>>> print(open('final-v6.pdb').read())   # PDB, C-alpha atoms
ATOM      1  CA  MET A   1     -31.479 -26.469 -80.609
ATOM      2  CA  GLY A   2     -30.573 -29.071 -78.037
ATOM      3  CA  LYS A   3     -27.407 -29.668 -76.136
ATOM      4  CA  LEU A   4     -24.380 -30.983 -78.012
ATOM      5  CA  SER A   5     -23.322 -34.467 -77.101
ATOM      6  CA  ASN A   6     -19.839 -35.855 -76.896
ATOM      7  CA  TYR A   7     -18.990 -37.232 -80.344
ATOM      8  CA  LYS A   8     -16.097 -39.575 -80.947
ATOM      9  CA  THR A   9     -14.155 -38.641 -84.085
ATOM     10  CA  LYS A  10     -13.783 -42.199 -85.368
ATOM     11  CA  ARG A  11     -17.431 -42.990 -84.799
ATOM     12  CA  VAL A  12     -18.519 -39.816 -86.611
ATOM     13  CA  ILE A  13     -16.330 -40.768 -89.594
ATOM     14  CA  GLY A  14     -17.657 -44.346 -89.518
ATOM     15  CA  CYS A  15     -21.223 -43.165 -89.282
ATOM     16  CA  LEU A  16     -20.952 -40.695 -92.167
ATOM     17  CA  THR A  17     -19.058 -43.212 -94.295
ATOM     18  CA  ASN A  18     -21.425 -46.117 -93.728
ATOM     19  CA  LYS A  19     -24.743 -44.337 -93.626
ATOM     20  CA  LEU A  20     -24.252 -41.447 -96.049
ATOM     21  CA  ASN A  21     -21.637 -43.065 -98.307
ATOM     22  CA  ILE A  22     -19.322 -40.110 -97.820
ATOM     23  CA  ALA A  23     -15.816 -41.013 -98.963
ATOM     24  CA  PHE A  24     -13.396 -39.087 -96.775
ATOM     25  CA  ARG A  25     -10.205 -37.956 -98.379
ATOM     26  CA  SER A  26      -7.300 -38.039 -96.019
ATOM     27  CA  GLY A  27      -5.434 -34.760 -95.857
ATOM     28  CA  ASN A  28      -4.537 -32.476 -93.007
ATOM     29  CA  GLU A  29      -8.261 -32.662 -92.276
ATOM     30  CA  GLN A  30     -10.638 -35.386 -93.423
ATOM     31  CA  THR A  31     -13.121 -34.047 -95.923
ATOM     32  CA  GLY A  32     -15.764 -35.678 -98.053
ATOM     33  CA  TRP A  33     -18.805 -34.911-100.178
ATOM     34  CA  PHE A  34     -22.365 -36.033 -99.836
ATOM     35  CA  GLU A  35     -23.489 -36.621-103.397
ATOM     36  CA  VAL A  36     -26.940 -36.966-104.913
ATOM     37  CA  GLU A  37     -27.005 -38.628-108.328
ATOM     38  CA  GLY A  38     -23.381 -37.786-108.978
ATOM     39  CA  GLN A  39     -23.763 -34.156-107.918
ATOM     40  CA  LYS A  40     -21.771 -32.767-105.009
ATOM     41  CA  ILE A  41     -24.283 -31.316-102.589
ATOM     42  CA  LEU A  42     -22.724 -30.987 -99.145
ATOM     43  CA  ARG A  43     -19.113 -30.953 -98.023
ATOM     44  CA  VAL A  44     -18.213 -32.128 -94.577
ATOM     45  CA  THR A  45     -14.922 -31.784 -92.758
ATOM     46  CA  VAL A  46     -14.028 -33.818 -89.700
ATOM     47  CA  PRO A  47     -10.712 -32.661 -88.284
ATOM     48  CA  LYS A  48      -8.114 -35.190 -87.335
ATOM     49  CA  GLU A  49      -7.300 -35.454 -83.680
ATOM     50  CA  HIS A  50      -5.045 -32.618 -82.729
ATOM     51  CA  GLY A  51      -4.434 -33.655 -79.144
ATOM     52  CA  GLY A  52      -5.547 -31.446 -76.323
ATOM     53  CA  SER A  53      -7.831 -32.487 -73.500
ATOM     54  CA  SER A  54     -10.696 -33.488 -75.796
ATOM     55  CA  GLY A  55      -8.654 -36.488 -77.010
ATOM     56  CA  SER A  56     -10.547 -38.543 -79.547
ATOM     57  CA  SER A  57     -13.753 -36.525 -79.243
ATOM     58  CA  LEU A  58     -14.812 -33.592 -81.352
ATOM     59  CA  SER A  59     -14.835 -30.317 -79.468
ATOM     60  CA  LYS A  60     -18.255 -28.709 -79.237
ATOM     61  CA  ARG A  61     -17.211 -25.927 -81.581
ATOM     62  CA  VAL A  62     -16.042 -28.351 -84.226
ATOM     63  CA  ALA A  63     -19.051 -30.627 -83.707
ATOM     64  CA  ARG A  64     -21.321 -27.641 -84.347
ATOM     65  CA  LYS A  65     -19.490 -26.896 -87.612
ATOM     66  CA  VAL A  66     -19.775 -30.528 -88.726
ATOM     67  CA  ILE A  67     -23.500 -30.546 -87.908
ATOM     68  CA  ASN A  68     -24.077 -27.227 -89.680
ATOM     69  CA  SER A  69     -22.241 -28.426 -92.767
ATOM     70  CA  LEU A  70     -24.707 -31.328 -92.972
ATOM     71  CA  ARG A  71     -27.661 -28.950 -92.478
ATOM     72  CA  LEU A  72     -28.815 -30.963 -89.493
ATOM     73  CA  THR A  73     -30.020 -29.948 -86.063
ATOM     74  CA  ASN A  74     -28.254 -31.301 -82.995
ATOM     75  CA  GLU A  75     -31.130 -33.712 -82.407
ATOM     76  CA  GLU A  76     -31.007 -34.946 -85.999
ATOM     77  CA  PHE A  77     -27.257 -35.425 -85.821
ATOM     78  CA  ASP A  78     -27.680 -37.291 -82.521
ATOM     79  CA  SER A  79     -30.165 -39.517 -84.263
ATOM     80  CA  LEU A  80     -27.685 -40.125 -87.079
ATOM     81  CA  TYR A  81     -24.844 -40.715 -84.629
ATOM     82  CA  GLU A  82     -26.796 -42.921 -82.242
ATOM     83  CA  CYS A  83     -28.250 -44.949 -85.127
ATOM     84  CA  PRO A  84     -32.027 -44.336 -85.495
ATOM     85  CA  MET A  85     -31.549 -42.090 -88.550
ATOM     86  CA  SER A  86     -30.678 -44.129 -91.607
ATOM     87  CA  GLY A  87     -28.930 -42.975 -94.754
ATOM     88  CA  THR A  88     -32.293 -43.078 -96.498
ATOM     89  CA  ASP A  89     -33.782 -40.733 -93.890
ATOM     90  CA  PHE A  90     -30.922 -38.287 -94.435
ATOM     91  CA  ARG A  91     -31.334 -38.542 -98.217
ATOM     92  CA  LYS A  92     -35.038 -37.695 -97.843
ATOM     93  CA  LYS A  93     -34.137 -34.592 -95.836
ATOM     94  CA  VAL A  94     -31.577 -33.474 -98.424
ATOM     95  CA  ASP A  95     -34.063 -34.157-101.251
ATOM     96  CA  ASN A  96     -36.546 -31.889 -99.497
ATOM     97  CA  LEU A  97     -33.913 -29.144 -99.135
ATOM     98  CA  ILE A  98     -33.079 -29.491-102.856
ATOM     99  CA  LYS A  99     -36.773 -29.319-103.769
ATOM    100  CA  SER A 100     -37.193 -26.173-101.678
ATOM    101  CA  GLY A 101     -34.218 -24.617-103.476
ATOM    102  CA  LYS A 102     -31.992 -24.438-100.393
ATOM    103  CA  LEU A 103     -29.351 -26.812-101.741
TER     104      LEU A 103
ATOM    105  CA  MET B   1     -98.038 -43.821 -24.069
ATOM    106  CA  ASN B   2     -95.797 -46.133 -26.096
ATOM    107  CA  THR B   3     -92.157 -46.228 -25.060
ATOM    108  CA  LYS B   4     -89.342 -47.710 -27.044
ATOM    109  CA  GLN B   5     -85.701 -47.733 -25.992
ATOM    110  CA  SER B   6     -82.827 -48.616 -28.364
ATOM    111  CA  ARG B   7     -79.121 -48.888 -27.790
ATOM    112  CA  ILE B   8     -76.998 -46.624 -29.993
ATOM    113  CA  GLU B   9     -74.332 -48.683 -31.733
ATOM    114  CA  LYS B  10     -73.167 -46.281 -34.396
ATOM    115  CA  GLU B  11     -71.202 -43.091 -34.434
ATOM    116  CA  PRO B  12     -70.996 -40.340 -33.340
ATOM    117  CA  SER B  13     -68.903 -41.643 -30.485
ATOM    118  CA  TYR B  14     -70.519 -39.547 -27.815
ATOM    119  CA  PHE B  15     -73.800 -41.401 -28.426
ATOM    120  CA  LYS B  16     -72.208 -44.804 -28.892
ATOM    121  CA  GLY B  17     -72.849 -47.120 -25.976
ATOM    122  CA  GLY B  18     -75.655 -44.911 -24.723
ATOM    123  CA  SER B  19     -79.285 -45.341 -25.547
ATOM    124  CA  ILE B  20     -82.185 -43.467 -26.950
ATOM    125  CA  GLN B  21     -85.694 -43.565 -25.603
ATOM    126  CA  ILE B  22     -88.642 -42.530 -27.673
ATOM    127  CA  MET B  23     -91.798 -41.889 -25.766
ATOM    128  CA  GLY B  24     -94.782 -41.511 -27.995
ATOM    129  CA  LEU B  25     -97.784 -39.548 -26.790
ATOM    130  CA  PRO B  26    -100.416 -40.521 -29.403
ATOM    131  CA  THR B  27    -103.122 -38.369 -27.928
ATOM    132  CA  ARG B  28    -101.056 -35.235 -28.251
ATOM    133  CA  GLY B  29     -99.742 -36.172 -31.683
ATOM    134  CA  HIS B  30     -96.044 -35.915 -30.879
ATOM    135  CA  ALA B  31     -93.261 -37.977 -29.339
ATOM    136  CA  ARG B  32     -90.529 -37.212 -26.838
ATOM    137  CA  LEU B  33     -86.973 -38.270 -27.497
ATOM    138  CA  VAL B  34     -84.605 -38.795 -24.601
ATOM    139  CA  LEU B  35     -80.929 -39.545 -24.925
ATOM    140  CA  TYR B  36     -79.172 -41.527 -22.225
ATOM    141  CA  PRO B  37     -75.442 -41.197 -22.074
ATOM    142  CA  SER B  38     -72.904 -43.941 -22.575
ATOM    143  CA  ALA B  39     -70.990 -45.179 -19.535
ATOM    144  CA  GLU B  40     -68.143 -42.875 -20.516
ATOM    145  CA  HIS B  41     -70.397 -39.841 -20.702
ATOM    146  CA  ALA B  42     -72.483 -40.808 -17.701
ATOM    147  CA  GLN B  43     -69.893 -39.324 -15.340
ATOM    148  CA  LEU B  44     -69.861 -36.126 -17.324
ATOM    149  CA  TYR B  45     -73.613 -36.143 -17.358
ATOM    150  CA  GLY B  46     -73.641 -36.589 -13.604
ATOM    151  CA  ALA B  47     -71.223 -33.744 -13.070
ATOM    152  CA  MET B  48     -72.717 -31.179 -15.409
ATOM    153  CA  GLY B  49     -76.375 -32.025 -15.367
ATOM    154  CA  TYR B  50     -78.557 -33.351 -18.139
ATOM    155  CA  GLN B  51     -79.284 -30.047 -19.876
ATOM    156  CA  ASP B  52     -75.662 -29.012 -20.016
ATOM    157  CA  TRP B  53     -74.606 -32.439 -21.117
ATOM    158  CA  MET B  54     -77.188 -32.407 -23.904
ATOM    159  CA  GLN B  55     -76.035 -28.920 -24.856
ATOM    160  CA  GLU B  56     -72.462 -30.150 -25.026
ATOM    161  CA  ILE B  57     -73.383 -33.185 -27.121
ATOM    162  CA  TYR B  58     -75.613 -31.109 -29.341
ATOM    163  CA  SER B  59     -72.941 -28.504 -29.968
ATOM    164  CA  LYS B  60     -70.415 -31.232 -30.840
ATOM    165  CA  PHE B  61     -72.930 -32.873 -33.076
ATOM    166  CA  ARG B  62     -73.599 -29.601 -34.860
ATOM    167  CA  ARG B  63     -69.973 -28.613 -35.215
ATOM    168  CA  GLY B  64     -69.040 -31.910 -36.896
ATOM    169  CA  PRO B  65     -70.353 -31.081 -40.377
ATOM    170  CA  GLU B  66     -68.943 -27.530 -40.183
ATOM    171  CA  TYR B  67     -65.493 -28.941 -39.473
ATOM    172  CA  GLY B  68     -66.017 -31.301 -42.366
ATOM    173  CA  GLU B  69     -66.615 -28.393 -44.732
ATOM    174  CA  GLU B  70     -63.624 -26.545 -43.371
ATOM    175  CA  LEU B  71     -61.524 -29.673 -43.722
ATOM    176  CA  ASN B  72     -62.677 -30.126 -47.307
ATOM    177  CA  GLU B  73     -61.828 -26.518 -48.078
ATOM    178  CA  LEU B  74     -58.465 -26.976 -46.426
ATOM    179  CA  LYS B  75     -57.855 -30.167 -48.403
ATOM    180  CA  ASP B  76     -58.720 -28.371 -51.658
ATOM    181  CA  ARG B  77     -56.297 -25.590 -50.784
ATOM    182  CA  VAL B  78     -53.565 -28.067 -49.914
ATOM    183  CA  ASP B  79     -54.162 -29.882 -53.229
ATOM    184  CA  GLU B  80     -54.021 -26.543 -55.037
ATOM    185  CA  LEU B  81     -50.763 -25.626 -53.291
ATOM    186  CA  ALA B  82     -49.297 -29.050 -54.049
ATOM    187  CA  SER B  83     -50.064 -28.703 -57.753
ATOM    188  CA  GLY B  84     -48.661 -25.148 -57.680
ATOM    189  CA  LEU B  85     -45.499 -26.415 -56.019
ATOM    190  CA  GLU B  86     -45.144 -29.104 -58.676
ATOM    191  CA  SER B  87     -45.247 -26.533 -61.489
ATOM    192  CA  VAL B  88     -42.789 -24.298 -59.592
ATOM    193  CA  ARG B  89     -40.494 -27.306 -59.224
ATOM    194  CA  GLU B  90     -40.701 -27.985 -62.980
ATOM    195  CA  GLU B  91     -39.953 -24.348 -63.804
ATOM    196  CA  LEU B  92     -37.009 -24.331 -61.402
ATOM    197  CA  SER B  93     -35.682 -27.493 -62.970
ATOM    198  CA  SER B  94     -35.884 -25.996 -66.468
ATOM    199  CA  CYS B  95     -34.263 -22.763 -65.183
ATOM    200  CA  LYS B  96     -31.457 -24.811 -63.655
ATOM    201  CA  GLU B  97     -30.934 -26.575 -66.975
ATOM    202  CA  CYS B  98     -30.737 -23.202 -68.785
ATOM    203  CA  ILE B  99     -28.325 -21.791 -66.205
ATOM    204  CA  ASP B 100     -26.111 -24.899 -66.476
ATOM    205  CA  ARG B 101     -26.070 -24.580 -70.270
ATOM    206  CA  LEU B 102     -25.337 -20.833 -70.131
ATOM    207  CA  TYR B 103     -22.589 -21.421 -67.573
ATOM    208  CA  GLU B 104     -21.084 -24.138 -69.752
ATOM    209  CA  GLU B 105     -21.241 -21.925 -72.849
ATOM    210  CA  PHE B 106     -19.850 -18.968 -70.931
ATOM    211  CA  THR B 107     -16.921 -20.860 -69.430
ATOM    212  CA  GLU B 108     -16.147 -22.549 -72.724
ATOM    213  CA  ARG B 109     -16.648 -19.392 -74.751
ATOM    214  CA  PRO B 110     -13.716 -18.950 -77.087
ATOM    215  CA  ILE B 111     -11.881 -15.753 -77.814
ATOM    216  CA  ILE B 112     -13.169 -14.822 -81.236
ATOM    217  CA  LYS B 113     -11.279 -12.482 -83.478
ATOM    218  CA  GLU B 114     -11.119 -11.668 -87.130
ATOM    219  CA  THR B 115      -8.089 -11.393 -89.287
ATOM    220  CA  ILE B 116      -7.219 -11.223 -92.949
ATOM    221  CA  ILE B 117      -5.093 -13.538 -95.024
ATOM    222  CA  PHE B 118      -3.187 -12.153 -97.975
ATOM    223  CA  ASP B 119      -1.537 -15.324 -99.134
ATOM    224  CA  ILE B 120      -2.593 -18.936 -99.549
ATOM    225  CA  ASP B 121      -0.022 -20.832-101.557
ATOM    226  CA  GLU B 122       2.687 -20.166-104.105
ATOM    227  CA  ASP B 123       0.448 -21.679-106.804
ATOM    228  CA  LEU B 124      -2.428 -19.378-105.966
ATOM    229  CA  GLU B 125      -2.678 -15.626-106.045
ATOM    230  CA  VAL B 126      -4.963 -13.860-103.628
ATOM    231  CA  ILE B 127      -6.869 -11.207-105.577
ATOM    232  CA  THR B 128      -8.801  -9.896-102.584
ATOM    233  CA  PRO B 129      -7.613 -10.473 -99.008
ATOM    234  CA  LEU B 130      -9.757 -13.093 -97.289
ATOM    235  CA  PRO B 131     -11.433 -12.243 -93.993
ATOM    236  CA  ILE B 132     -11.214 -15.210 -91.646
ATOM    237  CA  VAL B 133     -12.423 -15.914 -88.132
ATOM    238  CA  ILE B 134     -10.233 -17.298 -85.374
ATOM    239  CA  GLU B 135     -11.848 -19.016 -82.395
ATOM    240  CA  GLU B 136      -9.392 -19.678 -79.628
ATOM    241  CA  SER B 137     -10.035 -21.856 -76.617
ATOM    242  CA  ASP B 138      -7.867 -23.752 -74.148
ATOM    243  CA  ASP B 139      -7.715 -26.933 -76.215
ATOM    244  CA  GLU B 140      -7.576 -25.779 -79.790
ATOM    245  CA  VAL B 141      -7.818 -22.971 -82.271
ATOM    246  CA  VAL B 142     -10.387 -23.086 -85.063
ATOM    247  CA  ALA B 143      -9.815 -20.926 -88.126
ATOM    248  CA  SER B 144     -12.653 -20.554 -90.578
ATOM    249  CA  PHE B 145     -13.704 -18.788 -93.737
ATOM    250  CA  PRO B 146     -17.452 -18.819 -93.059
ATOM    251  CA  GLU B 147     -18.501 -17.634 -96.506
ATOM    252  CA  ILE B 148     -17.478 -20.957 -98.017
ATOM    253  CA  GLU B 149     -17.980 -23.051 -94.875
ATOM    254  CA  VAL B 150     -14.337 -24.053 -94.637
ATOM    255  CA  PHE B 151     -12.617 -24.470 -91.327
ATOM    256  CA  ALA B 152      -9.489 -26.031 -89.915
ATOM    257  CA  VAL B 153      -8.194 -26.827 -86.489
ATOM    258  CA  GLY B 154      -4.789 -26.396 -84.934
ATOM    259  CA  VAL B 155      -3.092 -26.465 -81.586
ATOM    260  CA  GLY B 156      -2.132 -22.830 -82.069
ATOM    261  CA  GLU B 157      -3.299 -19.923 -84.226
ATOM    262  CA  ALA B 158      -0.541 -20.298 -86.812
ATOM    263  CA  GLU B 159      -1.218 -23.994 -87.299
ATOM    264  CA  ALA B 160      -4.958 -23.402 -87.613
ATOM    265  CA  ILE B 161      -4.434 -20.662 -90.215
ATOM    266  CA  ASN B 162      -1.991 -22.805 -92.189
ATOM    267  CA  ASN B 163      -4.428 -25.715 -92.147
ATOM    268  CA  LEU B 164      -7.206 -23.390 -93.265
ATOM    269  CA  LYS B 165      -5.112 -22.214 -96.209
ATOM    270  CA  ILE B 166      -4.614 -25.843 -97.235
ATOM    271  CA  GLN B 167      -8.361 -26.430 -96.947
ATOM    272  CA  ILE B 168      -9.169 -23.377 -99.062
ATOM    273  CA  LYS B 169      -6.652 -24.415-101.697
ATOM    274  CA  GLU B 170      -7.970 -27.997-101.817
ATOM    275  CA  LEU B 171     -11.547 -26.826-102.104
ATOM    276  CA  TYR B 172     -10.727 -24.277-104.822
ATOM    277  CA  LEU B 173      -8.791 -26.792-106.931
ATOM    278  CA  GLU B 174     -11.493 -29.396-106.497
ATOM    279  CA  LEU B 175     -14.299 -27.013-107.410
ATOM    280  CA  VAL B 176     -12.609 -25.608-110.532
ATOM    281  CA  ALA B 177     -11.757 -29.144-111.656
ATOM    282  CA  THR B 178     -15.355 -30.345-111.285
ATOM    283  CA  PRO B 179     -17.789 -29.694-114.147
ATOM    284  CA  GLN B 180     -20.506 -27.199-113.153
ATOM    285  CA  GLY B 181     -23.207 -29.823-113.695
ATOM    286  CA  GLN B 182     -21.710 -31.990-111.010
ATOM    287  CA  LEU B 183     -21.892 -29.252-108.421
ATOM    288  CA  GLY B 184     -24.939 -28.576-106.304
ATOM    289  CA  LYS B 185     -26.262 -25.086-105.610
ATOM    290  CA  ILE B 186     -24.067 -24.410-102.577
ATOM    291  CA  PRO B 187     -20.752 -25.665-104.071
ATOM    292  CA  ARG B 188     -21.449 -23.596-107.203
ATOM    293  CA  THR B 189     -21.772 -20.516-104.962
ATOM    294  CA  TRP B 190     -18.506 -21.377-103.187
ATOM    295  CA  ARG B 191     -16.805 -21.678-106.553
ATOM    296  CA  ARG B 192     -18.051 -18.264-107.652
ATOM    297  CA  ILE B 193     -16.814 -16.711-104.407
ATOM    298  CA  LEU B 194     -13.419 -18.399-104.610
ATOM    299  CA  GLU B 195     -12.928 -17.420-108.262
ATOM    300  CA  LYS B 196     -13.413 -13.804-107.253
ATOM    301  CA  VAL B 197     -10.821 -13.858-104.492
ATOM    302  CA  ILE B 198      -8.106 -16.244-105.725
ATOM    303  CA  ARG B 199      -6.707 -17.505-109.009
ATOM    304  CA  LYS B 200      -4.068 -19.904-110.198
ATOM    305  CA  VAL B 201      -0.649 -18.477-110.894
ATOM    306  CA  GLY B 202       0.645 -18.886-114.419
TER     307      GLY B 202
END
>>> encode(input="final-v6.pdb", output="structure tokens")
Amino acid sequence: MGKLSNYKTKRVIGCLTNKLNIAFRSGNEQTGWFEVEGQKILRVTVPKEHGGSSGSSLSKRVARKVINSLRLTNEEFDSLYECPMSGTDFRKKVDNLIKSGKL
Amino acid sequence: MNTKQSRIEKEPSYFKGGSIQIMGLPTRGHARLVLYPSAEHAQLYGAMGYQDWMQEIYSKFRRGPEYGEELNELKDRVDELASGLESVREELSSCKECIDRLYEEFTERPIIKETIIFDIDEDLEVITPLPIVIEESDDEVVASFPEIEVFAVGVGEAEAINNLKIQIKELYLELVATPQGQLGKIPRTWRRILEKVIRKVG
């Protein structure tokens, strides 16, 4: 697994909302579901900014939890974050995980 | 006797500028070859005598190809060393990358501890205490209940645990309110786990 990049909270939210159609519910943390044909498959939590030196970026620990909750590798998440991975690509990956019985 | 004399224009340098005389003796069936030195070598020739001079030239002439072989061998070894050095450099670079990553992970390594929560909310009763993990670093504290992949962040431990309780409650209420058919494999498992450890009051 590669090195974790520096992920901006707002950009992560924007990316997951636009590409994966995840509707984040605003609470003490922002959580949302990735759904396939109306079925809740994966739940992702992106914490709100809590201050500290990391500012508007996700800490590495939190970034790892976000990535794990999406069942992605660091490289795949980078690809999603930096743009090359489309929502369709992610859907294909999830479909494969469902087919293999992992989700 | 036929005699032919030619000026040497090509290398090796110690012949260049000199001349070569071929004296053919047809009756005897062989020819005699005489080398005359260049102006540069003429002085040397004069000082050391023809035989010695010829010996000197001859030895230089003979050593040339041997040096060539040695030089080629040396060149091959240098090439080999250069390619070896390149692979050592690559390995060192990858080692440096690993060390940097390990150093980063080590210095940023959080204090990890486990604790148990006995209470979540007044609307929910905890049937079995929940084991949670606390990861503390300089910037933040992350509290998580790994079994159901729920985590929350706080500036301090208390805030992180409180936020985690809210997350657990929200997830539980959402899961029990969602028909089973609308839950994937993983959320169904989370629901089963949560139903075993907490329940609604009243």
>>> axis_aligned_box(input="final-v6.pdb", around="region 13-19 of chain A", padding_each_side="5 Å", output="JSON")
{"center_x": -20.5, "center_y": -43.4, "center_z": -91.8, "size_x": 18.4, "size_y": 15.4, "size_z": 15.0}
>>> residues_near_point(input="final-v6.pdb", point="(-32.5, -21.9, -103.4)", cutoff="12 Å", atoms="only C-alpha atoms", output="list in words")
Asn96, Leu97, Ile98, Lys99, Ser100, Gly101, Lys102 and Leu103 of chain A; Gly184, Lys185, Ile186, Arg188 and Thr189 of chain B
>>> interface_residues(input="final-v6.pdb", of="chain B", to="chain A", cutoff="8 Å", atoms="all atoms listed in the file", output="list in words")
Arg101, Asp139, Glu140, Val142, Glu149, Val150, Phe151, Ala152, Val153, Gly154, Val155, Asn163, Ile166, Gln167, Gly181, Gln182, Leu183, Gly184, Lys185, Ile186 and Pro187 of chain B
>>> closest_residue(input="final-v6.pdb", among="A:Leu58, A:Ala63, A:Leu72, A:Leu16", to="Gly87 (chain A)", atoms="only C-alpha atoms")
A:Leu16
>>> residues_around(input="final-v6.pdb", residues="region 79-83 of chain A", least_positions_apart="4", cutoff="7 Å", atoms="only C-alpha atoms", output="list of chain:residue names")
A:Val12, A:Cys15, A:Glu75
>>> closest_residue(input="final-v6.pdb", among="B:Thr128, B:Asn72, B:Ser87, B:Ser94", to="Val197 (chain B)", atoms="all atoms listed in the file")
B:Thr128
>>> atom_distance(input="final-v6.pdb", atom1="CA of Ile127 (chain B)", atom2="CA of Glu170 (chain B)")
17.2 Å
>>> atom_distance(input="final-v6.pdb", atom1="CA of Ser93 (chain B)", atom2="CA of Ser137 (chain B)")
29.6 Å
>>> resolve_selection(input="final-v6.pdb", expression="the PyMOL selection byres ((chain B and resi 116-123) around 12)", output="compact mmCIF listing (two decimals) with C-alpha atoms, in the frame of the given file")
# COMPACT_ATOMS: atom_id res chain seq x y z
CA LYS B 113 -11.28 -12.48 -83.48
CA GLU B 114 -11.12 -11.67 -87.13
CA THR B 115 -8.09 -11.39 -89.29
CA LEU B 124 -2.43 -19.38 -105.97
CA GLU B 125 -2.68 -15.63 -106.04
CA VAL B 126 -4.96 -13.86 -103.63
CA ILE B 127 -6.87 -11.21 -105.58
CA THR B 128 -8.80 -9.90 -102.58
CA PRO B 129 -7.61 -10.47 -99.01
CA LEU B 130 -9.76 -13.09 -97.29
CA PRO B 131 -11.43 -12.24 -93.99
CA ILE B 132 -11.21 -15.21 -91.65
CA VAL B 133 -12.42 -15.91 -88.13
CA ILE B 134 -10.23 -17.30 -85.37
CA ALA B 143 -9.82 -20.93 -88.13
CA SER B 144 -12.65 -20.55 -90.58
CA PHE B 145 -13.70 -18.79 -93.74
CA ALA B 158 -0.54 -20.30 -86.81
CA ILE B 161 -4.43 -20.66 -90.22
CA ASN B 162 -1.99 -22.80 -92.19
CA ASN B 163 -4.43 -25.72 -92.15
CA LEU B 164 -7.21 -23.39 -93.26
CA LYS B 165 -5.11 -22.21 -96.21
CA ILE B 166 -4.61 -25.84 -97.24
CA GLN B 167 -8.36 -26.43 -96.95
CA ILE B 168 -9.17 -23.38 -99.06
CA LYS B 169 -6.65 -24.42 -101.70
CA GLU B 170 -7.97 -28.00 -101.82
CA TYR B 172 -10.73 -24.28 -104.82
CA LEU B 173 -8.79 -26.79 -106.93
CA LEU B 194 -13.42 -18.40 -104.61
CA VAL B 197 -10.82 -13.86 -104.49
CA ILE B 198 -8.11 -16.24 -105.72
CA ARG B 199 -6.71 -17.50 -109.01
CA LYS B 200 -4.07 -19.90 -110.20
CA VAL B 201 -0.65 -18.48 -110.89
CA GLY B 202 0.64 -18.89 -114.42
>>> atom_distance(input="final-v6.pdb", atom1="CA of Asn74 (chain A)", atom2="CA of Ile148 (chain B)")
21.2 Å
>>> closest_residue(input="final-v6.pdb", among="A:Glu76, A:Ser56, A:Ile67, A:Ser86", to="Asn18 (chain A)", atoms="only C-alpha atoms")
A:Ser86
>>> closest_residue(input="final-v6.pdb", among="A:Leu20, A:Asp78, A:Asp89, A:Ser26", to="Asn6 (chain A)", atoms="all atoms listed in the file")
A:Asp78
